[in-house]
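Asks: Sending over a structure as structure tokens; questions will come in a sec.
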Amino acid sequence: MSQKPIELILMRQLASTLAMPIFLVDADGTLAFYNEPAERVLGMRFEETGEMPAGEWSTIWTPTRADGSPLAAERLPLMIAVAERKPAHGDFWIRGLDGTRRHIEATAFPLMRLTDHVLGAVVIFWETPS
Amino acid sequence: MRARLWGTRGSVAAPGADTARYGGNTSCVEVRGPQGTVLVLDAGTGIRPLGRALEGTLRRVDVVLTHLHLDHIQGLGFFAPLYDPDVETHLWGPASTTLGLRGRLQRYLSPPLFPVHLRDIRGLVLHDLPIGEFDIGEFRVTADRICHPGFTVGYRIAAGGATLAYLSDHEPALGVPRFPLRADWTSGYALARDADLLVHDAQYALPEYEEHVGWGHSALEHTLAFAELAAARHLVTFHHDPAHDDEAIDRMTAEARAAVPVRCTVTTGAEGAVFEVG
């Protein structure tokens, strides 16, 4: 079993202690972890979803724009942070796995080492009034 | 591969009659390969007697640092090979996000904290430590960042089919309510996995750890659980707290071992101890 980079491990440990929803992906965009506050917004416990490739998690919560049109995975702040190595912010709608549609605002940033290689990214998000 | 402990103490040297059995010098381990390559892990005060022992025996020595806290570099300026014109000393240590190893070390190895300037030590070759795998003589060295404040690494050293893992300052239980988590989410796991010899931080008893969460060190119970998770074959406890005398270390170790059964051999790290690895 391979080990996650220490930066991801520390980020997960920090996220586990915080009250705001946090979602963590690795360098490939694979879902690595989300914390308990995020579980409430996403409608499912992390233990139930487990790790998940980007192509899967970026559609499973069916992100859409305000008009209901699909939001491409690469336009999600988290994917921008991984791909473009820069912070990103945005708002969109998701449908939680409990069936509830929610308006989300999200701020993501990449996790980078000394060099410019990306180890993953973190998004902090919250439900906002529509 | 043979490993000899020259300094087992953490934080600050603790000489005295009550620490004589496990030793008072700070972190330093000599690793000698089957073909004679000498690799020194950390430059705590234990490196001073090691330097004396090496005098006149080699032309090159490599010192790898886990991090730059004082207890890991305090002996460096007193390492005799540095001042021997016939010896080349290669020093490997982690850079920060803004400073290379030279810039970081100069903060200590320069007046007024130390009388000799780093630049005046001829025969010293500095290397910003690469994260990942690299070779030093016959050793395959793997360095990776581990959970400890600042830029800190652990090492996995392989030669002749034997593996030694060295995680002198390590707090893998930080933020983990029921340690250990899954192996892939555990700091240091990849370095320590299946190691023939694991030298690992064991600074605290569990009640002490609870008062020092985030300081970067392990309770003995965590050290044992980590060794078990990594399936190490032989654990050497290391980086003893300077406040613990020999009797306290014996007592803590017995209590921890009763609480956390492990399959591997466990040895309390003692200055002067020698281990044949593999």
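How things are named: the first chain in the structure tokens is A, the next is B, and so on; residues count from 1 in each chain; ligands count from 1 in the order shown.
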Residues of chain B that have any atom at most 8 Å from an atom of chain A: could you tabulate them with the shortest-distance atom pair and the distance in Å to one decimal, using only C-alpha atoms, ordered by chain and increasing number, as a Markdown table?
Replies:
```
| residue | atom | partner | partner_atom | distance |
| --- | --- | --- | --- | --- |
| B:Ser96 | CA | A:Leu114 | CA | 7.5 |
| B:Thr97 | CA | A:Leu114 | CA | 5.5 |
| B:Arg145 | CA | A:Ile6 | CA | 6.3 |
| B:Ile146 | CA | A:Ile6 | CA | 6.0 |
| B:Cys147 | CA | A:Ile6 | CA | 6.9 |
| B:Leu174 | CA | A:Gln13 | CA | 7.5 |
| B:Gly175 | CA | A:Gln13 | CA | 5.2 |
| B:Val176 | CA | A:Gln13 | CA | 6.8 |
| B:Ala183 | CA | A:Gln3 | CA | 6.9 |
| B:Asp184 | CA | A:Gln3 | CA | 3.9 |
| B:Trp185 | CA | A:Ile9 | CA | 5.8 |
| B:Thr186 | CA | A:Ile9 | CA | 7.0 |
| B:Ser187 | CA | A:Ile6 | CA | 6.0 |
| B:Tyr189 | CA | A:Gln3 | CA | 6.5 |
| B:Ala190 | CA | A:Gln3 | CA | 5.7 |
```
Asks: Per residue of range 181-259 of chain B within 6 Å of range 160-164 of chain B, note the shortest atom pair and the distance in Å to one decimal, counting only C-alpha atoms, and order the rows by chain and increasing residue number, as JSON lines.
Replies:
```
{"residue": "B:Ala195", "atom": "CA", "partner": "B:Thr163", "partner_atom": "CA", "distance": 5.2}
{"residue": "B:Asp196", "atom": "CA", "partner": "B:Thr163", "partner_atom": "CA", "distance": 5.3}
{"residue": "B:Leu197", "atom": "CA", "partner": "B:Leu164", "partner_atom": "CA", "distance": 4.8}
{"residue": "B:Leu198", "atom": "CA", "partner": "B:Leu164", "partner_atom": "CA", "distance": 5.9}
```
Asks: Hey, can you spit out that residue selection with N, CA and C atoms as a CSV table (one decimal), in the first residue's frame?
Replies:
```csv
chain,number,residue,atom,x,y,z
B,195,ALA,N,10.9,-2.6,7.4
B,195,ALA,CA,12.4,-2.4,7.7
B,195,ALA,C,12.9,-3.5,8.6
B,196,ASP,N,14.2,-3.8,8.3
B,196,ASP,CA,14.9,-4.7,9.2
B,196,ASP,C,15.1,-4.1,10.5
B,197,LEU,N,15.5,-2.8,10.5
B,197,LEU,CA,15.7,-2.1,11.7
B,197,LEU,C,15.0,-0.7,11.6
B,198,LEU,N,14.2,-0.4,12.6
B,198,LEU,CA,13.5,0.9,12.6
B,198,LEU,C,14.0,1.6,13.9
```
Asks: Could you pull the residues within 9 Å of Glu255 in chain B, counting only C-alpha atoms, minus those fewer than 5 positions along the same chain, as an MDAnalysis selection string?
Replies: chainID B and resid 205 221 250 260
Asks: May I ask which of the residues B:Thr142, B:Val40, B:Val153, B:Ile136 is the closest one to Ala95 in chain B, counting only C-alpha atoms?
Replies: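 Result for the nearest residue to Ala95 in chain B: B:Val153.
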Asks: Using only C-alpha atoms, which protein or nucleic acid residues come within 12 Å of Glu36 in chain A? Drop anything in the same chain fewer than 6 positions from it, and give the result as number ranges by chain.
Replies: A: 12, 15-23, 42-47
Asks: According to DSSP computed on the backbone, where in range 3-250 of chain B is there strand (DSSP E or B)? Give the residues as a PyMOL selection string.
Replies: chain B and resi 3-7+9+26+28-32+38-41+60-64+88-93+124-128+132-136+139-145+153-159+162-167+197-201+204+219+234-238+240
Asks: Which value, in Å to one decimal, gives the distance between CA of Gly7 in chain B and CA of Gly44 in chain B?
Replies: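 That distance, rounded to one decimal, is 6.9 Å.
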Asks: Need to verify the contact set: Phe109 in chain A, 9 Å, only C-alpha atoms, exclusion of same-chain residues closer than 4 positions in sequence. Can you return it as a PDB file with C-alpha atoms, in the first residue's frame?
Replies:
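Here's the written file part29.pdb:
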```pdb
ATOM      1  CA  PRO A  77     -12.732  25.452  -8.365  1.00  0.00           C
ATOM      2  CA  LEU A  78     -11.038  22.298  -7.067  1.00  0.00           C
ATOM      3  CA  ILE A  80      -8.911  24.550 -11.519  1.00  0.00           C
ATOM      4  CA  ALA A  81      -6.660  24.531  -8.439  1.00  0.00           C
ATOM      5  CA  VAL A  82      -5.146  21.172  -9.440  1.00  0.00           C
ATOM      6  CA  ARG A  85      -1.926  25.538  -9.825  1.00  0.00           C
ATOM      7  CA  LYS A  86      -3.738  28.584  -8.558  1.00  0.00           C
ATOM      8  CA  PRO A  87      -6.520  29.399  -6.108  1.00  0.00           C
ATOM      9  CA  ALA A  88     -10.013  29.457  -7.515  1.00  0.00           C
ATOM     10  CA  HIS A  89     -13.422  30.539  -6.265  1.00  0.00           C
ATOM     11  CA  GLY A 120      -3.294  17.816  -4.494  1.00  0.00           C
ATOM     12  CA  ALA A 121      -5.796  20.520  -3.670  1.00  0.00           C
ATOM     13  CA  VAL A 122      -8.227  21.519  -0.968  1.00  0.00           C
ATOM     14  CA  VAL A 123     -11.614  23.140  -1.257  1.00  0.00           C
ATOM     15  CA  ILE A 124     -13.480  24.846   1.538  1.00  0.00           C
TER      16      ILE A 124
END
```
Asks: Point out the residue among A:Arg101, A:Val41, A:His117, A:Trp126 with the least atom-to-atom distance to Gly68 in chain A, counting only C-alpha atoms.
Replies: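 Smallest distance to Gly68 in chain A is found for A:Arg101.
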Asks: Go through B:Gln106, B:Gln74, B:Thr152, B:Thr265 one by one, measure the shortest atom-to-atom distance of each to Ala227 in chain B using only C-alpha atoms, and give the residue with the smallest value.
Replies: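 Closest candidate: B:Thr265.
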Asks: Just give me the gap between CA of Val29 in chain B and CA of Gly216 in chain B in Å, one decimal is fine.
Replies: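 These atoms are spaced 19.9 Å apart.
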Asks: For CA of Asp246 in chain B and CA of Arg156 in chain B, quote the distance in Å rounded to one decimal.
Replies: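 Computing it gives 28.4 Å between the two atoms.
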